[in-house]
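Trainee: Pasting start_30.txt below, which is compact mmCIF, C-alpha atoms.
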# COMPACT_ATOMS: atom_id res chain seq x y z
CA MET B 203 8.85 2.56 -21.71
CA ALA B 204 5.34 3.82 -20.92
CA ILE B 205 2.51 1.33 -20.78
CA ILE B 206 -0.84 2.85 -21.70
CA SER B 207 -4.18 1.07 -21.55
CA ILE B 208 -6.94 2.04 -23.93
CA ILE B 209 -9.97 1.34 -21.81
CA ASN B 210 -13.71 1.77 -21.62
CA GLN B 211 -15.94 -0.84 -20.04
CA LYS B 212 -18.61 0.24 -22.48
CA GLY B 213 -18.37 -1.52 -25.85
CA GLY B 214 -18.46 0.06 -29.31
CA VAL B 215 -16.54 3.20 -28.42
CA ALA B 216 -13.66 2.56 -30.86
CA LYS B 217 -11.12 1.18 -28.38
CA THR B 218 -9.57 -1.07 -31.01
CA THR B 219 -9.74 1.57 -33.74
CA THR B 220 -7.98 4.00 -31.42
CA SER B 221 -5.37 1.44 -30.32
CA VAL B 222 -4.31 0.27 -33.76
CA ASN B 223 -4.41 3.68 -35.45
CA VAL B 224 -2.64 5.61 -32.69
CA ALA B 225 -0.01 2.83 -32.51
CA ALA B 226 0.50 2.99 -36.28
CA ALA B 227 0.68 6.80 -36.26
CA TRP B 228 3.29 6.71 -33.48
CA SER B 229 5.35 4.18 -35.43
CA GLN B 230 5.27 6.50 -38.46
CA THR B 231 7.13 9.06 -36.38
CA GLY B 232 9.88 6.56 -35.65
CA LYS B 233 8.65 5.31 -32.28
CA LYS B 234 9.02 1.64 -31.40
CA ILE B 235 5.58 0.44 -30.38
CA LEU B 236 4.24 -2.78 -28.88
CA LEU B 237 0.50 -3.40 -29.05
CA ILE B 238 -0.99 -6.01 -26.71
CA ASP B 239 -4.43 -7.27 -27.66
CA LEU B 240 -6.04 -8.21 -24.35
CA ASP B 241 -9.56 -8.53 -25.70
CA PRO B 242 -10.74 -12.16 -26.12
CA GLN B 243 -12.64 -11.04 -29.23
CA ALA B 244 -9.21 -10.35 -30.74
CA SER B 245 -10.47 -7.35 -32.72
CA ALA B 246 -7.08 -5.61 -32.82
CA THR B 247 -5.40 -8.84 -33.92
CA LYS B 248 -7.97 -9.33 -36.69
CA SER B 249 -7.82 -5.70 -37.73
CA ILE B 250 -4.07 -5.98 -38.24
CA PHE B 251 -3.59 -9.58 -39.41
CA GLY B 252 -7.01 -10.62 -40.72
CA GLU B 253 -8.35 -14.09 -39.85
CA LYS B 254 -4.89 -15.58 -39.37
CA ASP B 255 -4.55 -17.84 -36.29
CA PHE B 256 -1.55 -17.67 -34.00
CA ASP B 257 -0.02 -20.51 -31.99
CA LYS B 258 1.46 -18.16 -29.43
CA THR B 259 -0.75 -15.44 -27.99
CA ILE B 260 -1.18 -13.34 -24.87
CA PHE B 261 -3.06 -16.35 -23.46
CA ASP B 262 0.16 -18.37 -23.46
CA VAL B 263 2.03 -15.48 -21.87
CA LEU B 264 -0.49 -15.26 -19.03
CA ILE B 265 -1.22 -18.96 -18.53
CA ASN B 266 1.55 -21.07 -20.05
CA LYS B 267 4.55 -19.09 -18.80
CA LEU B 268 5.57 -18.20 -22.36
CA PRO B 269 8.08 -15.32 -22.39
CA PRO B 270 6.25 -12.38 -24.03
CA GLU B 271 9.06 -11.89 -26.60
CA GLU B 272 8.15 -15.29 -28.05
CA ALA B 273 4.55 -14.21 -28.70
CA VAL B 274 5.50 -10.99 -30.49
CA ILE B 275 4.57 -10.76 -34.19
CA HIS B 276 5.74 -7.83 -36.28
CA SER B 277 3.32 -6.08 -38.63
CA ASP B 278 5.16 -4.44 -41.52
CA VAL B 279 1.99 -2.66 -42.62
CA PHE B 280 1.33 -1.03 -39.25
CA GLY B 281 5.02 -0.80 -38.36
CA ILE B 282 4.43 -2.16 -34.87
CA ASP B 283 5.01 -5.29 -32.81
CA VAL B 284 1.88 -7.08 -31.65
CA ILE B 285 1.12 -9.72 -29.04
CA PRO B 286 -2.04 -11.23 -30.50
CA SER B 287 -5.13 -12.46 -28.70
CA GLU B 288 -7.40 -15.46 -29.10
CA ILE B 289 -10.82 -16.53 -27.85
CA LEU B 290 -9.28 -18.80 -25.16
CA LEU B 291 -8.49 -15.59 -23.33
CA SER B 292 -12.15 -15.43 -22.27
CA GLY B 293 -11.45 -18.24 -19.76
CA VAL B 294 -8.39 -16.66 -18.22
CA ASP B 295 -10.29 -15.07 -15.35
CA ILE B 296 -11.25 -18.51 -14.05
CA GLN B 297 -7.78 -19.91 -14.53
CA ILE B 298 -5.94 -17.19 -12.66
CA ALA B 299 -8.56 -16.41 -10.01
CA ALA B 300 -6.78 -18.47 -7.34
CA HIS B 301 -3.24 -17.39 -8.31
CA PHE B 302 -1.06 -15.62 -5.79
CA GLY B 303 -0.56 -12.19 -7.37
CA ARG B 304 -3.30 -12.76 -9.96
CA GLU B 305 -3.69 -9.00 -10.49
CA LYS B 306 -0.02 -8.42 -11.37
CA ILE B 307 0.72 -11.28 -13.78
CA LEU B 308 0.83 -9.05 -16.88
CA LYS B 309 2.82 -6.36 -15.08
CA GLN B 310 5.50 -8.89 -14.15
CA LYS B 311 5.57 -10.42 -17.64
CA LEU B 312 6.13 -6.99 -19.20
CA GLU B 313 8.89 -5.85 -16.85
CA ILE B 314 11.70 -6.72 -19.27
CA ILE B 315 10.06 -6.48 -22.68
CA LYS B 316 8.67 -2.98 -22.09
CA LYS B 317 12.21 -1.59 -22.02
CA LYS B 318 12.61 -2.44 -25.73
CA TYR B 319 9.78 -0.08 -26.72
CA ASP B 320 9.06 3.62 -26.58
CA ALA B 321 5.47 2.79 -25.67
CA THR B 322 3.28 -0.24 -25.09
CA ILE B 323 -0.44 0.05 -25.81
CA ILE B 324 -2.89 -2.41 -24.26
CA ASP B 325 -6.24 -2.80 -26.02
CA CYS B 326 -8.50 -3.74 -23.08
CA PRO B 327 -11.60 -5.93 -23.08
CA PRO B 328 -14.95 -4.13 -22.74
CA SER B 329 -15.65 -5.56 -19.29
CA LEU B 330 -14.35 -5.42 -15.76
CA GLY B 331 -12.56 -8.62 -14.80
CA LEU B 332 -9.09 -9.88 -14.00
CA LEU B 333 -7.87 -9.18 -17.54
CA THR B 334 -8.77 -5.50 -17.23
CA ILE B 335 -7.34 -5.36 -13.71
CA ASN B 336 -4.09 -6.88 -15.05
CA ALA B 337 -3.97 -4.26 -17.81
CA LEU B 338 -4.53 -1.43 -15.35
CA MET B 339 -2.01 -2.75 -12.83
CA ALA B 340 0.58 -2.88 -15.61
CA SER B 341 -0.22 0.63 -16.83
CA ARG B 342 1.00 4.02 -15.74
CA ASP B 343 -1.60 5.85 -17.83
CA ILE B 344 -4.94 5.18 -19.41
CA ILE B 345 -6.68 6.76 -22.37
CA ILE B 346 -10.46 6.62 -22.54
CA PRO B 347 -12.09 6.66 -25.97
CA ILE B 348 -15.75 7.66 -25.95
CA CYS B 349 -18.53 8.35 -28.38
CA PRO B 350 -20.01 11.63 -27.20
CA GLU B 351 -23.47 10.52 -26.13
CA TYR B 352 -25.39 10.41 -22.86
CA PHE B 353 -24.28 6.90 -21.85
CA SER B 354 -20.61 7.80 -22.23
CA LEU B 355 -20.84 9.76 -18.97
CA LYS B 356 -21.84 6.57 -17.16
CA GLY B 357 -18.90 4.78 -18.79
CA ILE B 358 -16.45 7.40 -17.53
CA GLU B 359 -17.94 7.19 -14.05
CA LEU B 360 -17.39 3.42 -14.06
CA ILE B 361 -13.76 3.78 -15.08
CA LEU B 362 -13.03 6.43 -12.47
CA GLU B 363 -14.63 4.22 -9.83
CA THR B 364 -12.47 1.31 -10.99
CA LEU B 365 -9.33 3.47 -10.78
CA SER B 366 -10.31 4.57 -7.29
CA ASN B 367 -10.90 0.96 -6.21
CA ILE B 368 -7.51 -0.04 -7.61
CA ARG B 369 -5.82 2.78 -5.70
CA THR B 370 -7.59 1.82 -2.50
CA GLY B 371 -7.51 -1.95 -2.67
CA LEU B 372 -4.38 -2.66 -4.70
CA GLY B 373 -2.29 0.43 -3.97
CA HIS B 374 -1.64 1.40 -7.60
CA LYS B 375 -2.15 4.96 -8.83
CA ILE B 376 -3.11 5.35 -12.49
CA ASN B 377 -3.11 8.60 -14.40
CA VAL B 378 -5.89 9.44 -16.88
CA ARG B 379 -3.92 10.86 -19.80
CA GLY B 380 -7.12 12.03 -21.43
CA ILE B 381 -10.31 11.29 -23.29
CA ILE B 382 -10.43 10.67 -27.02
CA ILE B 383 -13.61 11.69 -28.77
CA SER B 384 -14.34 9.10 -31.42
CA ARG B 385 -17.10 8.82 -34.02
CA PHE B 386 -17.62 12.55 -33.68
CA ARG B 387 -20.53 14.15 -35.50
CA ASP B 388 -20.88 17.87 -35.34
CA ARG B 389 -24.18 17.89 -33.47
CA LYS B 390 -25.41 19.81 -30.48
CA ILE B 391 -25.78 16.71 -28.28
CA ALA B 392 -22.14 15.75 -28.88
CA LYS B 393 -20.90 19.20 -27.89
CA THR B 394 -23.15 19.25 -24.81
CA THR B 395 -21.79 15.87 -23.70
CA ILE B 396 -18.19 17.00 -24.20
CA ASP B 397 -18.85 20.14 -22.13
CA GLU B 398 -20.44 18.03 -19.41
CA ILE B 399 -17.40 15.75 -19.26
CA LYS B 400 -15.14 18.79 -18.84
CA ASP B 401 -17.37 20.34 -16.17
CA ILE B 402 -18.23 17.23 -14.16
CA TYR B 403 -15.01 15.26 -14.22
CA GLY B 404 -12.39 17.90 -15.04
CA LEU B 405 -10.63 15.42 -17.32
CA LYS B 406 -8.47 16.39 -20.27
CA ILE B 407 -10.21 15.93 -23.60
CA PHE B 408 -7.86 15.67 -26.55
CA GLU B 409 -8.58 18.45 -29.03
CA ASN B 410 -8.38 16.30 -32.14
CA TYR B 411 -11.69 14.49 -32.44
CA VAL B 412 -11.89 11.41 -34.66
CA PRO B 413 -14.80 11.97 -37.04
CA ASP B 414 -17.49 9.41 -37.79
CA ASN B 415 -16.15 8.42 -41.18
CA ILE B 416 -16.74 5.23 -43.18
CA VAL B 417 -13.04 5.00 -44.10
CA VAL B 418 -12.26 4.00 -40.51
CA GLU B 419 -14.40 0.87 -40.86
CA GLU B 420 -13.15 0.19 -44.38
CA ALA B 421 -9.54 0.39 -43.19
CA HIS B 422 -10.26 -2.44 -40.69
CA HIS B 423 -11.59 -4.58 -43.54
CA LYS B 424 -8.46 -3.97 -45.59
CA HIS B 425 -6.23 -4.54 -42.53
CA LEU B 426 -4.60 -1.16 -42.95
CA PRO B 427 -4.16 1.84 -40.70
CA VAL B 428 -6.51 4.67 -41.70
CA THR B 429 -3.48 6.82 -42.53
CA GLN B 430 -2.53 4.36 -45.29
CA PHE B 431 -5.99 3.37 -46.45
CA ALA B 432 -7.26 6.92 -46.93
CA PRO B 433 -4.37 9.27 -46.21
CA LYS B 434 -6.27 12.36 -47.34
CA SER B 435 -9.38 11.63 -45.29
CA THR B 436 -10.37 13.75 -42.30
CA ALA B 437 -10.08 10.60 -40.14
CA ALA B 438 -6.47 9.98 -41.19
CA LYS B 439 -5.54 13.60 -40.50
CA ALA B 440 -7.33 13.40 -37.15
CA PHE B 441 -5.42 10.25 -36.13
CA LEU B 442 -2.07 11.80 -37.06
CA SER B 443 -2.76 14.96 -35.08
CA LEU B 444 -4.28 12.98 -32.22
CA ALA B 445 -1.27 10.64 -32.00
CA LYS B 446 0.98 13.68 -31.74
CA GLU B 447 -1.25 15.22 -29.07
CA VAL B 448 -1.54 12.02 -27.03
CA TRP B 449 2.22 11.36 -26.97
CA ILE B 450 4.11 12.66 -23.95
CA MET N 154 -18.84 -4.86 4.75
CA LYS N 155 -19.00 -5.97 1.09
CA ARG N 156 -15.83 -5.78 -1.03
CA ASN N 157 -15.33 -6.62 -4.69
CA PRO N 158 -12.70 -9.43 -4.68
CA LEU N 159 -11.18 -7.96 -7.85
CA PHE N 160 -9.78 -5.16 -5.72
CA ILE N 161 -8.26 -7.24 -2.95
CA ASP N 162 -4.48 -7.73 -3.03
CA SER N 163 -4.02 -11.48 -3.47
CA THR N 164 -0.40 -11.28 -2.31
CA LYS N 165 -1.40 -10.26 1.22
CA PHE N 166 -3.12 -12.22 3.94
CA GLN N 167 -5.65 -10.60 6.20
CA GLY N 168 -3.72 -8.91 8.99
CA ASP N 169 -0.45 -8.56 7.02
CA ASN N 170 1.24 -5.24 7.59
CA ILE N 171 0.66 -2.71 4.78
CA ILE N 172 1.44 0.97 4.29
CA THR N 173 -1.70 3.04 3.92
CA ILE N 174 -1.60 6.51 2.40
CA VAL N 175 -4.10 8.87 3.98
CA GLU N 176 -5.25 12.00 2.14
CA LEU N 177 -7.79 14.45 3.46
CA ASP N 178 -8.98 17.24 1.17
CA GLY N 179 -10.81 20.49 1.79
CA VAL N 180 -9.58 20.97 5.34
CA PRO N 181 -10.54 24.42 6.69
CA THR N 182 -7.36 25.00 8.70
CA GLU N 183 -5.66 28.26 9.59
CA ASN N 184 -1.99 28.96 10.21
CA GLY N 185 -0.79 27.15 13.31
CA ASP N 186 -3.52 24.49 13.24
CA SER N 187 -2.60 20.83 13.50
CA LEU N 188 -4.51 17.94 12.01
CA PHE N 189 -4.70 14.40 13.38
CA ILE N 190 -6.36 11.11 12.62
CA LYS N 191 -7.55 8.95 15.48
CA ILE N 192 -7.80 5.36 14.37
CA LYS N 193 -8.86 2.19 16.11
CA GLN N 194 -8.02 -1.16 14.57
CA GLU N 195 -10.12 -4.26 15.07
CA GLY N 196 -9.20 -5.62 18.51
CA GLY N 197 -6.65 -2.84 18.99
CA GLU N 198 -6.36 0.38 20.88
CA ASP N 199 -6.89 3.97 19.75
CA GLN N 200 -3.89 5.48 17.99
CA VAL N 201 -3.39 9.09 16.96
CA PHE N 202 -1.28 10.17 13.97
CA HIS N 203 -0.27 13.60 12.79
CA LEU N 204 -1.03 14.68 9.20
CA THR N 205 1.18 17.10 7.28
CA PRO N 206 -0.10 19.77 4.90
CA GLY N 207 0.18 19.05 1.17
CA GLU N 208 -1.01 21.10 -1.78
CA ASP N 209 -3.92 23.52 -1.37
CA THR N 210 -6.21 22.28 1.37
CA GLN N 211 -4.94 18.72 1.37
CA TRP N 212 -3.32 17.00 4.36
CA LYS N 213 -1.69 13.60 4.29
CA CYS N 214 0.17 10.91 6.21
CA GLN N 215 1.25 7.30 5.96
CA LEU N 216 0.17 4.62 8.41
CA ASN N 217 1.08 1.02 9.01
CA LEU N 218 -2.14 -0.94 9.14
CA PRO N 219 -3.14 -4.61 9.09
CA HIS N 220 -4.50 -5.60 5.67
CA MET N 221 -8.28 -6.00 5.37
CA LYS N 222 -9.21 -5.48 9.00
CA GLU N 223 -12.01 -3.31 10.26
CA ILE N 224 -10.90 0.18 11.24
CA LYS N 225 -12.75 3.09 12.81
CA TYR N 226 -11.38 6.58 12.41
CA TYR N 227 -12.01 10.28 12.40
CA PHE N 228 -9.96 13.42 11.82
CA PHE N 229 -9.72 16.41 14.13
CA ILE N 230 -8.18 19.88 14.06
CA ILE N 231 -6.30 21.26 17.04
CA ARG N 232 -5.95 24.99 17.57
CA ASP N 233 -4.41 26.46 20.76
CA ASN N 234 -4.34 22.97 22.32
CA LYS N 235 -8.07 22.50 21.82
CA ILE N 236 -10.02 20.36 19.38
CA ILE N 237 -11.94 22.93 17.38
CA ASP N 238 -13.56 20.63 14.86
CA GLN N 239 -13.68 17.01 13.81
CA THR N 240 -15.14 14.75 11.16
CA PRO N 241 -17.84 12.17 11.89
CA HIS N 242 -16.61 8.69 12.91
CA LYS N 243 -16.22 6.32 9.99
CA THR N 244 -15.92 2.54 9.80
CA SER N 245 -14.03 0.95 6.93
CA ILE N 246 -11.77 -1.95 5.94
CA SER N 247 -8.09 -1.13 5.96
CA SER N 248 -6.34 -1.10 2.59
CA TYR N 249 -3.74 0.95 0.74
CA PHE N 250 -5.45 4.30 0.47
CA ILE N 251 -7.84 6.40 2.49
CA HIS N 252 -9.14 9.49 0.75
CA GLU N 253 -11.73 11.73 2.37
CA MET N 254 -13.19 15.16 1.90
CA TRP N 255 -13.37 17.13 5.11
CA THR N 256 -16.86 17.07 6.60
CA SER N 257 -17.37 18.76 9.91
CA GLN N 258 -19.27 16.78 12.49
CA LYS N 259 -21.23 19.97 13.16
CA GLU N 260 -22.35 20.23 9.51
CA SER N 261 -23.12 16.54 9.50
CA SER N 262 -25.41 16.87 12.56
CA GLN N 263 -27.05 19.94 10.94
CA THR N 264 -27.70 17.80 7.87
CA LYS N 265 -29.31 15.19 10.11
CA GLU N 266 -31.54 17.86 11.67
CA ILE N 267 -32.57 19.10 8.22
CA THR N 268 -33.30 15.56 7.14
CA SER N 269 -35.56 14.86 10.14
CA PHE N 270 -37.21 18.25 9.66
CA ASP N 271 -37.85 17.39 5.99
CA ARG N 272 -39.32 14.04 7.01
CA ALA N 273 -41.64 15.72 9.54
CA LEU N 274 -42.64 18.28 6.91
CA SER N 275 -43.47 15.63 4.33
CA GLN N 276 -45.50 13.67 6.94
CA PHE N 277 -47.40 16.89 7.74
CA HIS N 278 -48.10 17.40 4.01
CA GLU N 279 -49.32 13.81 3.69
CA ARG N 280 -51.68 14.31 6.64
CA LEU N 281 -53.02 17.54 5.09
CA THR N 282 -53.62 15.78 1.76
CA ARG N 283 -55.50 12.97 3.53
CA LEU N 284 -57.63 15.52 5.43
CA ALA N 285 -58.39 17.41 2.20
CA ARG N 286 -59.78 14.19 0.69
Take the structure in the file and give it back as structure tokens.

Mentor:
Amino acid sequence: MAIISIINQKGGVAKTTTSVNVAAAWSQTGKKILLIDLDPQASATKSIFGEKDFDKTIFDVLINKLPPEEAVIHSDVFGIDVIPSEILLSGVDIQIAAHFGREKILKQKLEIIKKKYDATIIDCPPSLGLLTINALMASRDIIIPICPEYFSLKGIELILETLSNIRTGLGHKINVRGIIISRFRDRKIAKTTIDEIKDIYGLKIFENYVPDNIVVEEAHHKHLPVTQFAPKSTAAKAFLSLAKEVWI
Amino acid sequence: MKRNPLFIDSTKFQGDNIITIVELDGVPTENGDSLFIKIKQEGGEDQVFHLTPGEDTQWKCQLNLPHMKEIKYYFFIIRDNKIIDQTPHKTSISSYFIHEMWTSQKESSQTKEITSFDRALSQFHERLTRLAR
């Protein structure tokens, strides 16, 4: 039933990697998971299905009044249902800008379908616009993946400011479930940054860090979850433990 | 006052009635103190609302306000029927949530004094540097 957005306005922090691998790990434990790719670059869609094109995508759900159930594609490999994305999604902001209730379109569309799943994950675009606002308005919780480096602090600040603006201007309270440390390298700067995040923002940091490991990238190329592509790798073990830790 | 249109409720017109949650943190109250917010809406009269204590040092209340109108407000503490402290006056645009940290007007005026003192001090230093040249 829970809708969780994986968000960071900063790009390259492993939002898609986190979304697809956590979703797959949850499904391995018997959970029914829906993944919504809300990024116009369609990285999650491509990671799961390769270069395949889809007639019905999240674009049609948002713009063409398509019931979301009709856009759902099942991935046997990942064990999850997916609503794919496409590049047309990049123009959605302009198309819905004048809509009455433009910020709650996705929330309304998901009202019924979300009940069929134990959790719905939304892979957000790396920018702040109406798509991201729609994802946040539909979500109860967010998870923030970061690469532990100096600029990640700025990224967290931006997200917290966005959450505060949503609470103030749109009246919706969103819970930060926690921060996922991705592409972790055991270096002093990474540990310093993690300590700073704890001290400055008081946010929960999940204990299972995802290591910077080439198998994560290779798994995308093979359109497999890391846990299947390299089940014995540290990354696969990290995703399994992380998925368990992130689940409530 | 500038507002990002992304964070404006498109289902409400300006002036529509909305419920605003008010939360004030870090309030230095003692047992028996009462806390109020005095709020003036654009073109309206002053209204006073009572806040109730929440967790720790937080106080809160709910108000009915017109959406996206200018509001002016401040908080004050009453002890033994007297206002013992208040926050500085603030102007904002009404929306769904007001969250503030308690700042005493006294501290705020002290800060102003320090700021003007600092400015005077830096001007004095500048003059000294010029004279030294």

Trainee: Build an axis-aligned box that encloses every atom of segment 340-343 of chain B listed in the file, pad it by 4 Å on each side, and report its centre and edge lengths in Å to one decimal, as JSON.

Mentor:
{"center_x": -0.3, "center_y": 1.5, "center_z": -16.7, "size_x": 10.6, "size_y": 16.7, "size_z": 10.2}

Trainee: Residues of chain B that have any atom at most 7 Å from an atom of chain N: could you tabulate them with the shortest-distance atom pair and the distance in Å to one decimal, using only C-alpha atoms, ordered by chain and increasing number, as a tab-separated table?

Mentor:
residue	atom	partner	partner_atom	distance
B:Phe302	CA	N:Ser163	CA	5.6
B:Gly303	CA	N:Thr164	CA	5.1
B:Arg304	CA	N:Ser163	CA	6.7
B:Leu332	CA	N:Leu159	CA	6.8
B:Asn367	CA	N:Phe160	CA	6.2
B:Ile368	CA	N:Phe160	CA	5.9
B:Arg369	CA	N:Phe250	CA	6.4
B:Thr370	CA	N:Phe250	CA	4.4
B:Gly371	CA	N:Phe160	CA	5.0
B:Leu372	CA	N:Asp162	CA	5.3
B:Gly373	CA	N:Tyr249	CA	5.0

Trainee: Just the number, please: distance in Å from atom CA of Thr364 of chain B to atom CA of Ala300 of chain B, one decimal.

Mentor: 20.9 Å

Trainee: What's around Pro181 of chain N at 8 Å? Count all atoms listed in the file, leave out sequence neighbours fewer than 2 positions away in its own chain, and write the answer as a ChimeraX atom specification.

Mentor: /N:179,183,210,255

Trainee: Tell me which protein, DNA and RNA residues are within 9 Å of Lys222 of chain N, counting only C-alpha atoms, leaving out same-chain ones fewer than 3 positions away, and put them as a PyMOL selection string.

Mentor: chain N and resi 167-168+194-195+218-219+245-248

Trainee: Compare N:Glu253, N:His242, N:Ile230, N:Lys225 by their minimum atom-to-atom distance to Lys193 of chain N, counting all atoms listed in the file, and give me the closest one.

Mentor: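 The closest residue to Lys193 of chain N is N:Lys225.
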
Trainee: Find the residue from B:Pro328, B:Gly213, B:Pro427, B:Pro433 that sits nearest to Pro242 of chain B; use all atoms listed in the file when measuring.

Mentor: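 Among the listed residues, the smallest separation from Pro242 of chain B belongs to B:Pro328.
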
Trainee: Please report the interatomic distance between atom CA of Leu360 of chain B and atom CA of Lys212 of chain B in Å with one decimal.

Mentor: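 So the two atoms, atom CA of Leu360 of chain B and atom CA of Lys212 of chain B, lie 9.1 Å apart.
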
Trainee: Just how far from atom CA of Ile376 of chain B is atom CA of Pro269 of chain B, in Å to one decimal?

Mentor: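 Taking atom CA of Pro269 of chain B as the start and atom CA of Ile376 of chain B as the end point, the length is 25.5 Å.
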